[in-house]
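Here is the structure we will look at, set down as structure tokens.
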Amino acid sequence: MLQVGLSLPRSPGGAAGGFPRAEPAGAEDSGTGRGVCPAEAFGSSPVTIVITPEADTWDSDASSCPGCGQFVDWDRMPEQQPAQIPPDILSKPPKELKKLAREGCWATSHALRARLYHQLIQQVSCRLVTPDALVYRDVASRLFGKPSGSCHPLPEFLEGCPMPTYCLNLEGVAALKKILICVGNLFPDITYSPILPSLVALLLHYSEDEAQCFESISRLIASNAPHTSYIDQSFLAHQASCMTFGDLANKHCPAAHKLIANASENVFEVYSEWLSWLFHDLPFDYAVRVLDVFLLEGQKVLYRIALALLKQYRLSVTSPELEGTDIKADLQAFMQNIGEHVTVNKLLERAFGIRLFSRKEIWLLQMANRKALMERGITMVQSRHSFHLAMDMQNFSSSIVTAQEMRIVWSWIPERFSLFPPLLLFSTSQDGCSLQRFYTCCEGSEPTVLLIKTTEGEVCGAFLSSDWSERKKSGATSAFFGTGECFVFTVRPEPERFEWVLIKQPELAKAVPRSRQRSPSPCPESLPGSSGSSRLTVPTPHRKGRLSPFLAIRHFLLPSKTASMFMSGSRDGIVIGGGGGQALSLDANLLWGHTEHCETFDNPPLCQEDFKVQLLEVWGFQNT
């Protein structure tokens, strides 16, 4: 028998047909729903695999695996209740299968889930050359088939990665290691992939043998479906997905985000654990339900479920409870005990009730985050390491906001820009109250943060995603430009953010047909000192270094002409937000302003409706 870092007598062959196996002596359940004792066989040291030279030496081609379940410690598996399962479920169309998976239709049938997983994974579109079960048997025979002890280190791409084993028995833990070693051997391009051990461990529950499990994970690794991915395979891709989750959490879980931003100095470090919440901290019966929908719908459902978990976490705590708390550890403990807070059915129901944008939009955001990381110097082949993403509060100085207030504003901006420290571009106290000087100092910077302090001591502002030079492309007539990432906010008396109305109601917009390249945009209503209106086409530049493709209005069929009034400027003044009013408008002298409700951001007045500017600052991002 194969033994991995353990010295135990040989146990009987795998249980046929997925019948329960006796628990090995000393294997205790931690109470979290995951197998813990077998995980102790993992570690940072090389994996020692000892092969006994007996007649029943392990053979990857042996027929001792007649059915799924041989790798499972059934005594630690959660109990299952019988359910009615449609007899023709395997022939259902994809749309109906998605619905059934979300409802947990096959959650109580180990055998059905095994057959369905195999069918779904075989349908994944893959690269032409993808290792299969035969390749695994050949490689495993070469690596592990010698009748003597040999040392096989786990692949470098697993350095620092969590190793959950999900109720696997010792034989299953050994199989998990061997598959990961073979993945490292046959996929040399993988440099970092913390999700892989969890997926292999879960798939082993529903695989006839190691070779079938290896083929399944290989197909997920080699998937080439457009705008769809299953497994991040580099530190760069992993960090980009963490940043993307941070952006989505910022938009869709504002209450939880505010709680975390107040309790943690670096919000990104908290959000960087989002995949561990799903595939390391959740108990088995929750994690496998995540896998059900993941195999059908790809990575986008992981974002949904993690957002639902974050929303549920917010419901379970109050702000005072988090003072002095290690927020990362608190979130981990919450995930491990999720059964005390919400059932898996209710969790998935809430996850799919979140109104996310399209898969393409999320893919664009991921690509923009990846590009920003590359500009910061993060590469595909880089190993995991720590790097500072948050602003340097010690060296920050503003005449309008404190470092703590700016940190809150910084937590609202898209993750790819928070990679770079803030840089003061313009200040009325230094550069004077001149709109022309404002444009001169701000042009060439994208995005920017506008801060305004009124003579009454109120502080408000806007995050503006596009370069102010865009205003020149409409000629003499002022037109709105920018993207749906723009937002307006207040800092004093209370910090509050007001985003594009379509973020809260994405169903209002439809995807733009591929043939449509441009998107009409109305001109500003009543810029200070201007008159007249016309309907213009918003330019769609693709200049090198652009990092704002996400929520560009050319990707949407908008419900009304007022839905995309983000930012506009002329020699007479600037306007931010429009439709029924203007969120912010300033005159040419940058001395007087006006604020009111607008349809683009659905905001209340940000301060007194007519205000006098005491100070105005514009902040950009170093190295953008």
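Residue numbering restarts at 1 for every chain of the structure tokens, chains are lettered A, B, ... in their displayed order, and ligands are numbered from 1 as they appear.
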* May I have the residues within 10 Å of range 599-612 of chain A as a ChimeraX atom specification, using only C-alpha atoms and disregarding those fewer than 4 positions away in the same chain? => /A:452-461,484,486-493,496-503,560-566,576-586,590-595
* **Polymer residues at most 10 Å from range 273-284 of chain A, only C-alpha atoms, same-chain spacing of 3 or more positions, as a ChimeraX atom specification** => /A:31-35,76-78,161-167,194-199,202,238,241-242,245-246,268-270,287-291,302-303,305-307,309-310,328,331-339
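The space separating CA of Val124 in chain A from CA of Ala225 in chain A comes to 7.8 Å.
Restricting the calculation to only C-alpha atoms, the smallest distance between Asp285 in chain A and any of A:Ala329, A:Leu128, A:Ile221, A:Ala107 is found for A:Ala107.
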* Spatial neighbours of range 226-230 of chain A, max dist 8 Å, only C-alpha atoms, sep filter under 5 positions, as a PyMOL selection string -> chain A and resi 220-221+294+298-299+359-360+363
Write a file of the selected residues as an mmCIF file, in the first residue's frame, keeping C-alpha atoms.
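What follows is the written file part28.cif:
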data_model
loop_
_atom_site.group_PDB
_atom_site.id
_atom_site.type_symbol
_atom_site.label_atom_id
_atom_site.label_comp_id
_atom_site.auth_asym_id
_atom_site.auth_seq_id
_atom_site.Cartn_x
_atom_site.Cartn_y
_atom_site.Cartn_z
ATOM 1 C CA LEU A 220 -10.559 23.018 -15.362
ATOM 2 C CA ILE A 221 -6.955 24.246 -15.496
ATOM 3 C CA PHE A 294 -18.964 26.656 -9.769
ATOM 4 C CA GLY A 298 -17.418 29.478 -13.483
ATOM 5 C CA GLN A 299 -15.662 31.988 -11.258
ATOM 6 C CA ARG A 359 -19.530 38.292 -17.016
ATOM 7 C CA LYS A 360 -17.863 40.475 -19.655
ATOM 8 C CA TRP A 363 -13.756 40.195 -16.979
#
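For Ser207 in chain A, the non-local neighbours within 9 Å, defined as residues at least 6 positions apart in the same chain or in other chains and counting only C-alpha atoms, are A:Gly67, A:Cys68, A:Gly69, A:Gln70, A:Phe71, A:Ala114, A:Arg115, A:Tyr117, A:His118, A:Cys213, A:Ser216.
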* To do: From a DSSP pass on the backbone, collect the residues of range 119-366 of chain A flagged as alpha helix (DSSP H) and hand them back as number ranges by chain.
  => A: 119-122, 133-144, 170-186, 196-204, 210-221, 235-252, 254-263, 267-271, 274-276, 284-297, 300-316, 327-336, 344-351, 359-366
How about saving the chosen residues, C-alpha atoms kept, as a tab-separated table (two decimals), in the first residue's frame?
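What landed in part_30.tsv:
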chain	number	residue	atom	x	y	z
A	119	GLN	CA	-20.43	15.02	-17.37
A	120	LEU	CA	-20.07	18.74	-16.68
A	121	ILE	CA	-16.29	18.69	-16.63
A	122	GLN	CA	-16.15	16.72	-19.89
A	133	ALA	CA	-6.29	9.93	-17.22
A	134	LEU	CA	-3.91	7.90	-19.42
A	135	VAL	CA	-1.25	10.56	-19.13
A	136	TYR	CA	-1.67	10.58	-15.35
A	137	ARG	CA	-1.22	6.82	-15.12
A	138	ASP	CA	1.95	7.02	-17.13
A	139	VAL	CA	3.43	9.92	-15.14
A	140	ALA	CA	2.32	8.52	-11.76
A	141	SER	CA	3.86	5.16	-12.65
A	142	ARG	CA	7.18	6.83	-13.41
A	143	LEU	CA	7.10	9.03	-10.30
A	144	PHE	CA	5.70	6.63	-7.71
A	170	LEU	CA	-5.52	8.69	4.77
A	171	GLU	CA	-5.65	7.06	1.36
A	172	GLY	CA	-7.44	10.13	0.05
A	173	VAL	CA	-4.82	12.48	1.51
A	174	ALA	CA	-2.10	10.43	-0.20
A	175	ALA	CA	-4.02	10.60	-3.49
A	176	LEU	CA	-4.46	14.36	-3.10
A	177	LYS	CA	-0.70	14.84	-2.75
A	178	LYS	CA	0.11	12.62	-5.68
A	179	ILE	CA	-2.33	14.44	-7.96
A	180	LEU	CA	-0.92	17.82	-6.97
A	181	ILE	CA	2.62	16.58	-7.61
A	182	CYS	CA	1.58	15.37	-11.07
A	183	VAL	CA	-0.18	18.67	-11.79
A	184	GLY	CA	3.08	20.46	-10.99
A	185	ASN	CA	4.93	18.04	-13.29
A	186	LEU	CA	2.56	18.43	-16.25
A	196	LEU	CA	-6.13	23.91	-6.42
A	197	PRO	CA	-5.75	21.71	-3.28
A	198	SER	CA	-9.33	22.38	-2.23
A	199	LEU	CA	-10.76	21.58	-5.66
A	200	VAL	CA	-8.75	18.35	-5.94
A	201	ALA	CA	-9.80	17.30	-2.42
A	202	LEU	CA	-13.47	17.89	-3.22
A	203	LEU	CA	-13.31	16.17	-6.61
A	204	LEU	CA	-11.68	13.10	-5.02
A	210	GLU	CA	-6.92	9.24	-8.96
A	211	ALA	CA	-6.61	9.28	-12.74
A	212	GLN	CA	-10.19	10.44	-13.23
A	213	CYS	CA	-9.76	13.14	-10.60
A	214	PHE	CA	-6.55	14.32	-12.28
A	215	GLU	CA	-8.26	14.49	-15.67
A	216	SER	CA	-11.08	16.54	-14.15
A	217	ILE	CA	-8.78	19.09	-12.55
A	218	SER	CA	-6.69	19.26	-15.73
A	219	ARG	CA	-9.72	20.22	-17.79
A	220	LEU	CA	-10.56	23.02	-15.36
A	221	ILE	CA	-6.96	24.25	-15.50
A	235	PHE	CA	0.28	35.25	-8.37
A	236	LEU	CA	-0.69	38.04	-10.76
A	237	ALA	CA	-4.03	36.41	-11.68
A	238	HIS	CA	-4.76	35.59	-8.04
A	239	GLN	CA	-4.05	39.15	-6.89
A	240	ALA	CA	-6.19	40.52	-9.73
A	241	SER	CA	-9.11	38.33	-8.64
A	242	CYS	CA	-8.67	39.52	-5.03
A	243	MET	CA	-8.72	43.13	-6.21
A	244	THR	CA	-11.80	42.39	-8.33
A	245	PHE	CA	-13.57	40.95	-5.31
A	246	GLY	CA	-12.57	44.04	-3.33
A	247	ASP	CA	-14.12	46.25	-6.03
A	248	LEU	CA	-17.33	44.21	-6.04
A	249	ALA	CA	-17.51	44.18	-2.23
A	250	ASN	CA	-17.01	47.94	-2.25
A	251	LYS	CA	-19.95	48.34	-4.61
A	252	HIS	CA	-22.36	45.63	-3.46
A	254	PRO	CA	-21.22	49.03	1.34
A	255	ALA	CA	-22.24	48.42	4.96
A	256	ALA	CA	-19.77	45.55	5.42
A	257	HIS	CA	-17.09	47.49	3.55
A	258	LYS	CA	-17.53	50.48	5.82
A	259	LEU	CA	-17.29	48.23	8.88
A	260	ILE	CA	-14.08	46.60	7.65
A	261	ALA	CA	-12.54	49.90	6.50
A	262	ASN	CA	-13.03	51.33	10.00
A	263	ALA	CA	-11.60	48.22	11.71
A	267	VAL	CA	-8.92	46.59	3.50
A	268	PHE	CA	-7.24	44.76	0.63
A	269	GLU	CA	-5.46	42.42	3.04
A	270	VAL	CA	-8.88	41.39	4.36
A	271	TYR	CA	-10.38	40.88	0.91
A	274	TRP	CA	-11.95	35.76	-0.10
A	275	LEU	CA	-11.19	32.44	-1.82
A	276	SER	CA	-10.10	30.92	1.48
A	284	PHE	CA	-17.68	20.41	3.63
A	285	ASP	CA	-21.46	20.49	3.09
A	286	TYR	CA	-21.26	24.19	2.21
A	287	ALA	CA	-18.09	23.94	0.11
A	288	VAL	CA	-19.48	21.14	-2.05
A	289	ARG	CA	-22.61	23.16	-2.77
A	290	VAL	CA	-20.32	25.96	-3.91
A	291	LEU	CA	-18.61	23.44	-6.20
A	292	ASP	CA	-21.98	22.41	-7.66
A	293	VAL	CA	-22.63	25.87	-9.08
A	294	PHE	CA	-18.96	26.66	-9.77
A	295	LEU	CA	-18.64	23.78	-12.25
A	296	LEU	CA	-21.70	25.01	-14.11
A	297	GLU	CA	-21.11	28.75	-14.07
A	300	LYS	CA	-18.43	34.59	-11.31
A	301	VAL	CA	-20.52	32.51	-8.87
A	302	LEU	CA	-17.62	32.50	-6.41
A	303	TYR	CA	-17.81	36.29	-6.30
A	304	ARG	CA	-21.55	36.06	-5.67
A	305	ILE	CA	-21.26	33.59	-2.79
A	306	ALA	CA	-18.38	35.43	-1.14
A	307	LEU	CA	-20.39	38.67	-1.34
A	308	ALA	CA	-23.35	36.91	0.27
A	309	LEU	CA	-21.06	35.67	3.05
A	310	LEU	CA	-19.76	39.18	3.58
A	311	LYS	CA	-23.30	40.56	3.79
A	312	GLN	CA	-24.20	37.84	6.31
A	313	TYR	CA	-21.11	38.66	8.37
A	314	ARG	CA	-22.22	42.29	8.54
A	315	LEU	CA	-25.59	41.18	9.90
A	316	SER	CA	-23.91	39.15	12.65
A	327	ILE	CA	-10.80	41.24	11.41
A	328	LYS	CA	-9.23	38.53	9.23
A	329	ALA	CA	-9.35	35.99	12.05
A	330	ASP	CA	-12.88	37.05	12.94
A	331	LEU	CA	-14.06	36.50	9.36
A	332	GLN	CA	-12.36	33.11	9.26
A	333	ALA	CA	-14.08	32.01	12.46
A	334	PHE	CA	-17.40	33.24	11.08
A	335	MET	CA	-16.98	31.18	7.89
A	336	GLN	CA	-16.01	28.06	9.84
A	344	VAL	CA	-26.55	26.70	2.74
A	345	ASN	CA	-29.83	26.98	0.80
A	346	LYS	CA	-30.51	30.47	2.12
A	347	LEU	CA	-26.90	31.49	1.49
A	348	LEU	CA	-27.09	30.50	-2.18
A	349	GLU	CA	-30.50	32.11	-2.54
A	350	ARG	CA	-29.07	35.39	-1.31
A	351	ALA	CA	-25.96	35.01	-3.46
A	359	ARG	CA	-19.53	38.29	-17.02
A	360	LYS	CA	-17.86	40.48	-19.66
A	361	GLU	CA	-17.90	43.55	-17.42
A	362	ILE	CA	-16.33	41.60	-14.56
A	363	TRP	CA	-13.76	40.20	-16.98
A	364	LEU	CA	-12.90	43.76	-18.08
A	365	LEU	CA	-12.46	44.75	-14.45
A	366	GLN	CA	-10.21	41.76	-13.83
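Each of A:Trp410, A:Phe352, A:Glu443, A:Ile190 was checked against Lys98 in chain A using only C-alpha atoms; the smallest atom-to-atom distance is that of A:Phe352.
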* To do: Determine the nearest neighbour of Ala372 in chain A from the options A:Glu415, A:Glu103, A:Glu405, A:Glu156, counting only C-alpha atoms.
  => A:Glu415
* To do: Work out how far CA of Asp232 in chain A is from CA of Val129 in chain A, in Å to one decimal.
  => 18.8 Å
* **Shell around Trp619 in chain A at 9 Å using only C-alpha atoms, local window under 5 positions removed, as a ChimeraX atom specification** => /A:422-427,442,447-451
Taking N, CA and C atoms for each residue, export the selection above as an mmCIF file, in the first residue's frame.
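Once everything was written out, this is selection_32.cif:
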data_model
loop_
_atom_site.group_PDB
_atom_site.id
_atom_site.type_symbol
_atom_site.label_atom_id
_atom_site.label_comp_id
_atom_site.auth_asym_id
_atom_site.auth_seq_id
_atom_site.Cartn_x
_atom_site.Cartn_y
_atom_site.Cartn_z
ATOM 1 N N PRO A 422 -1.543 58.583 -3.100
ATOM 2 C CA PRO A 422 -2.143 59.823 -3.594
ATOM 3 C C PRO A 422 -1.088 60.892 -3.867
ATOM 4 N N LEU A 423 -1.354 61.687 -4.897
ATOM 5 C CA LEU A 423 -0.444 62.757 -5.297
ATOM 6 C C LEU A 423 -1.269 64.033 -5.491
ATOM 7 N N LEU A 424 -0.920 65.092 -4.789
ATOM 8 C CA LEU A 424 -1.659 66.347 -4.901
ATOM 9 C C LEU A 424 -1.348 66.999 -6.249
ATOM 10 N N LEU A 425 -2.418 67.196 -7.051
ATOM 11 C CA LEU A 425 -2.265 67.784 -8.379
ATOM 12 C C LEU A 425 -2.578 69.273 -8.391
ATOM 13 N N PHE A 426 -3.575 69.658 -7.617
ATOM 14 C CA PHE A 426 -4.044 71.043 -7.648
ATOM 15 C C PHE A 426 -4.624 71.403 -6.291
ATOM 16 N N SER A 427 -4.367 72.644 -5.885
ATOM 17 C CA SER A 427 -4.930 73.159 -4.634
ATOM 18 C C SER A 427 -5.160 74.657 -4.791
ATOM 19 N N CYS A 442 -4.567 69.173 -13.934
ATOM 20 C CA CYS A 442 -5.229 67.863 -13.847
ATOM 21 C C CYS A 442 -5.165 67.062 -15.139
ATOM 22 N N PRO A 447 -7.389 58.243 -12.791
ATOM 23 C CA PRO A 447 -8.507 59.100 -12.397
ATOM 24 C C PRO A 447 -8.031 60.203 -11.454
ATOM 25 N N THR A 448 -8.987 60.974 -10.920
ATOM 26 C CA THR A 448 -8.680 61.999 -9.933
ATOM 27 C C THR A 448 -9.745 61.992 -8.836
ATOM 28 N N VAL A 449 -9.363 62.514 -7.679
ATOM 29 C CA VAL A 449 -10.297 62.682 -6.559
ATOM 30 C C VAL A 449 -10.408 64.170 -6.267
ATOM 31 N N LEU A 450 -11.611 64.698 -6.353
ATOM 32 C CA LEU A 450 -11.888 66.109 -6.088
ATOM 33 C C LEU A 450 -12.398 66.249 -4.660
ATOM 34 N N LEU A 451 -11.768 67.135 -3.888
ATOM 35 C CA LEU A 451 -12.190 67.417 -2.514
ATOM 36 C C LEU A 451 -12.573 68.885 -2.394
#
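Proximity ranking of A:Ser264, A:Thr428, A:Ser193, A:Asn589 relative to Arg407 in chain A places A:Ser264 first, based on only C-alpha atoms.
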